[in-house]
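Undergrad: Structure in structure tokens, see below.
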Amino acid sequence: MSTNIEIEAKILVSEKEFQMIKSFLQLETITPVTQTNYYIDSEEGSLRNYGFALRIRAIRSHYTLTLKSPMAEGTLEKNQVISEKAYLALRQQQQFPQGEIDEFLTMFGFKTSTFRIIAELTTHRIDTTYQGQHLCLDVNHYNGETDYEIESEQSSLKYAAETLKQLCEATQISYQENHVSKYARALKSL
């Protein structure tokens, strides 16, 4: 299992603004990578009630179970690679994948046997850089809805936001930071 801290600033833009940014960054010929996030919780929302988010991310035939918890700045992520068989056992039989995340959640009193997939979101992502900083251009699909998001992940929230502000200024798009996660948007659409 790996652990890391994710610090990112995000903006939601219109489809037109998304295409303007894509054109500005000269990404029209780049083929996005498709990933699907399967969000997991109990019916009562036991993880959400404690501020945790849990997902399985599928990219091609690779599956990663990720537990996210908020920090003062950023999000602490615990990642565990799982097999397709483990993913299918959760999806079809509500059988939570064994391993360090299961042990961690059980240690905190969560009953992982009550967890199931509650929502899913598919993202078509282009990874790129702007002024030497990492950016993700995401087209997200969930429950019949589509949104367009630009993410900047850096060592501090201040620097990540500054990169997005500069990008918006260069493309003459209004900067408005988005604080609602993909997870929250997918759940809200249910």
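Letters for chains follow the order of the structure tokens (A, B, ...), residue numbers begin at 1 for each chain, and ligand numbers begin at 1 in the order shown.
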Excluding A:Glu6 and residues on its chain fewer than 4 positions from it, collect all residues at most 10 Å away from it, counting only C-alpha atoms, and give them as a list in words.
TA: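 Counting only the stated atoms, we get Lys68, Pro70, Met71, Glu73, Gly74, Thr75, Leu76, Glu77, Glu153, Gln154, Ser155, Ser156 and Leu157 of chain A.
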Undergrad: With only C-alpha atoms counted and 12 Å as the cut-off, give the residues of stretch 91-149 of chain A in contact with stretch 14-34 of chain A, each with its shortest interatomic distance in Å and the pair that gives it, as a Markdown table.
TA:
| residue | atom | partner | partner_atom | distance |
| --- | --- | --- | --- | --- |
| A:Leu121 | CA | A:Thr34 | CA | 10.6 |
| A:Thr122 | CA | A:Thr34 | CA | 7.0 |
| A:Thr123 | CA | A:Thr34 | CA | 5.7 |
| A:His124 | CA | A:Thr34 | CA | 4.5 |
| A:Arg125 | CA | A:Pro32 | CA | 4.9 |
| A:Ile126 | CA | A:Pro32 | CA | 4.8 |
| A:Asp127 | CA | A:Pro32 | CA | 8.1 |
| A:Thr128 | CA | A:Leu25 | CA | 8.5 |
| A:Thr129 | CA | A:Leu25 | CA | 8.6 |
| A:Tyr130 | CA | A:Leu25 | CA | 7.7 |
| A:Gln131 | CA | A:Leu25 | CA | 10.5 |
| A:Leu135 | CA | A:Leu25 | CA | 10.5 |
| A:Cys136 | CA | A:Pro32 | CA | 10.2 |
| A:Leu137 | CA | A:Lys22 | CA | 7.9 |
| A:Asp138 | CA | A:Pro32 | CA | 8.6 |
| A:Val139 | CA | A:Phe18 | CA | 8.8 |
| A:Asn140 | CA | A:Thr34 | CA | 9.8 |
| A:His141 | CA | A:Thr34 | CA | 10.8 |
| A:Thr146 | CA | A:Glu15 | CA | 9.2 |
| A:Asp147 | CA | A:Ser14 | CA | 7.5 |
| A:Tyr148 | CA | A:Ser14 | CA | 6.3 |
| A:Glu149 | CA | A:Phe18 | CA | 7.8 |
Undergrad: Kindly save the residues from that selection, with N, CA and C atoms included, as a short mmCIF file (atom, residue, chain, number, x, y, z; two decimals), in the first residue's frame.
TA:
data_model
loop_
_atom_site.label_atom_id
_atom_site.label_comp_id
_atom_site.auth_asym_id
_atom_site.auth_seq_id
_atom_site.Cartn_x
_atom_site.Cartn_y
_atom_site.Cartn_z
N LEU A 121 -18.28 7.30 -11.79
CA LEU A 121 -17.98 8.47 -12.60
C LEU A 121 -16.86 8.09 -13.56
N THR A 122 -17.06 8.36 -14.84
CA THR A 122 -16.03 8.07 -15.84
C THR A 122 -15.41 9.38 -16.30
N THR A 123 -14.09 9.40 -16.32
CA THR A 123 -13.33 10.58 -16.70
C THR A 123 -12.48 10.27 -17.93
N HIS A 124 -12.49 11.21 -18.88
CA HIS A 124 -11.56 11.18 -20.01
C HIS A 124 -10.54 12.27 -19.68
N ARG A 125 -9.31 11.85 -19.37
CA ARG A 125 -8.30 12.75 -18.82
C ARG A 125 -7.12 12.94 -19.76
N ILE A 126 -6.70 14.19 -19.86
CA ILE A 126 -5.45 14.53 -20.55
C ILE A 126 -4.52 15.12 -19.50
N ASP A 127 -3.37 14.49 -19.31
CA ASP A 127 -2.33 15.01 -18.42
C ASP A 127 -1.39 15.85 -19.26
N THR A 128 -1.04 17.03 -18.74
CA THR A 128 -0.14 17.92 -19.46
C THR A 128 0.57 18.81 -18.46
N THR A 129 1.33 19.76 -18.96
CA THR A 129 1.97 20.76 -18.10
C THR A 129 1.66 22.16 -18.63
N TYR A 130 1.67 23.11 -17.73
CA TYR A 130 1.54 24.52 -18.09
C TYR A 130 2.53 25.27 -17.22
N GLN A 131 3.43 26.00 -17.86
CA GLN A 131 4.49 26.72 -17.16
C GLN A 131 5.25 25.80 -16.20
N LEU A 135 -0.94 19.61 -14.98
CA LEU A 135 -2.37 19.88 -15.13
C LEU A 135 -3.09 18.64 -15.61
N CYS A 136 -4.35 18.50 -15.21
CA CYS A 136 -5.23 17.46 -15.74
C CYS A 136 -6.45 18.17 -16.34
N LEU A 137 -6.78 17.82 -17.56
CA LEU A 137 -8.00 18.30 -18.20
C LEU A 137 -8.96 17.12 -18.23
N ASP A 138 -10.08 17.25 -17.52
CA ASP A 138 -11.00 16.13 -17.32
C ASP A 138 -12.38 16.43 -17.90
N VAL A 139 -12.90 15.47 -18.64
CA VAL A 139 -14.31 15.46 -19.03
C VAL A 139 -14.93 14.33 -18.23
N ASN A 140 -15.89 14.67 -17.35
CA ASN A 140 -16.47 13.72 -16.41
C ASN A 140 -17.92 13.41 -16.78
N HIS A 141 -18.26 12.11 -16.73
CA HIS A 141 -19.63 11.65 -17.01
C HIS A 141 -20.13 10.87 -15.81
N THR A 146 -22.57 15.66 -17.57
CA THR A 146 -21.18 15.82 -18.02
C THR A 146 -20.68 17.16 -17.49
N ASP A 147 -19.46 17.16 -16.95
CA ASP A 147 -18.84 18.43 -16.58
C ASP A 147 -17.38 18.43 -17.03
N TYR A 148 -16.80 19.62 -16.98
CA TYR A 148 -15.45 19.84 -17.50
C TYR A 148 -14.64 20.48 -16.38
N GLU A 149 -13.51 19.85 -16.05
CA GLU A 149 -12.74 20.28 -14.89
C GLU A 149 -11.26 20.35 -15.26
#
Undergrad: Do you have the atom CA of A:Tyr63-atom CA of A:Leu88 distance handy?
TA: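 Here the two named atoms are 10.5 Å from each other.
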Undergrad: For stretch 49-57 of chain A, please output as a PDB file with C-alpha atoms, in the first residue's frame all residues within 8 Å (counting only C-alpha atoms; exclusion window: fewer than 6 positions along the same chain).
TA:
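Written file, selection-v1.pdb:
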ATOM      1  CA  GLN A  35     -10.683   5.977 -16.080  1.00  0.00           C
ATOM      2  CA  THR A  36     -13.743   5.026 -14.074  1.00  0.00           C
ATOM      3  CA  ASN A  37     -14.124   5.734 -10.373  1.00  0.00           C
ATOM      4  CA  TYR A  38     -16.437   3.432  -8.406  1.00  0.00           C
ATOM      5  CA  TYR A  39     -17.342   5.185  -5.160  1.00  0.00           C
ATOM      6  CA  ILE A  40     -17.885   2.990  -2.122  1.00  0.00           C
ATOM      7  CA  ASP A  41     -19.731   3.477   1.169  1.00  0.00           C
ATOM      8  CA  TYR A  63      -7.696  -1.453 -10.356  1.00  0.00           C
ATOM      9  CA  THR A  64      -6.638   0.684  -7.401  1.00  0.00           C
ATOM     10  CA  LEU A  65      -8.560   0.968  -4.140  1.00  0.00           C
ATOM     11  CA  THR A  66      -8.070   4.446  -2.631  1.00  0.00           C
ATOM     12  CA  LEU A  67      -9.111   5.798   0.749  1.00  0.00           C
ATOM     13  CA  LYS A  68      -9.060   9.610   1.039  1.00  0.00           C
ATOM     14  CA  SER A  69      -9.211  11.646   4.224  1.00  0.00           C
ATOM     15  CA  PRO A  70      -9.040  15.446   4.494  1.00  0.00           C
ATOM     16  CA  TYR A  87     -13.277  -5.520  -7.855  1.00  0.00           C
ATOM     17  CA  TYR A 183     -17.109  12.159  -5.492  1.00  0.00           C
TER      18      TYR A 183
END
Undergrad: Find the residue from A:Leu47, A:Val13, A:Met1, A:Ala170 that sits nearest to A:Thr106; use only C-alpha atoms when measuring.
TA: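 Looking only at the distances to A:Thr106, the closest residue turns out to be A:Leu47.
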Undergrad: Using only C-alpha atoms, which of the listed residues (A:Lys85, A:Ser152, A:Ile117, A:Asn178) sits closest to A:Gln166?
TA: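 Comparing A:Lys85, A:Ser152, A:Ile117, A:Asn178 against A:Gln166, the winner is A:Ser152.
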Undergrad: Skip A:Glu100 itself and residues of its chain fewer than 3 positions away, then list as a PyMOL selection string all residues within 9 Å of it, counting only C-alpha atoms.
TA: chain A and resi 1+80+103-105
Undergrad: For the residues in the current selection, export N, CA and C atoms as a compact mmCIF listing (two decimals), in the first residue's frame.
TA:
# COMPACT_ATOMS: atom_id res chain seq x y z
N MET A 1 0.85 -1.17 0.00
CA MET A 1 0.00 0.00 0.00
C MET A 1 0.90 1.24 0.00
N GLN A 80 -4.18 0.99 -2.65
CA GLN A 80 -3.91 -0.45 -2.65
C GLN A 80 -4.31 -1.01 -4.01
N GLU A 103 -8.02 -3.56 6.70
CA GLU A 103 -7.52 -3.62 8.07
C GLU A 103 -7.57 -2.25 8.74
N PHE A 104 -7.20 -1.21 8.00
CA PHE A 104 -7.20 0.16 8.52
C PHE A 104 -8.62 0.59 8.90
N LEU A 105 -9.58 0.37 7.99
CA LEU A 105 -10.97 0.76 8.26
C LEU A 105 -11.57 -0.05 9.40
Undergrad: Check the DSSP output for the backbone and give back, as a ChimeraX atom specification, the residues of stretch 23-117 of chain A in helix (DSSP H, G or I).
TA: /A:23-24,46-49,84-93,100-107,112-114
Undergrad: Per DSSP on the backbone, what are the strand (DSSP E or B) residues of stretch 5-181 of chain A, as a PyMOL selection string?
TA: chain A and resi 5-6+8-13+33-41+53-59+62-70+75-82+116-130+133-142+145-153+177
Undergrad: Calculated over only C-alpha atoms, which of the candidates A:Lys188, A:Arg48, A:Lys165, A:Lys10 has the smallest distance to A:Glu120?
TA: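 Under the stated criterion, the closest residue is A:Lys188.
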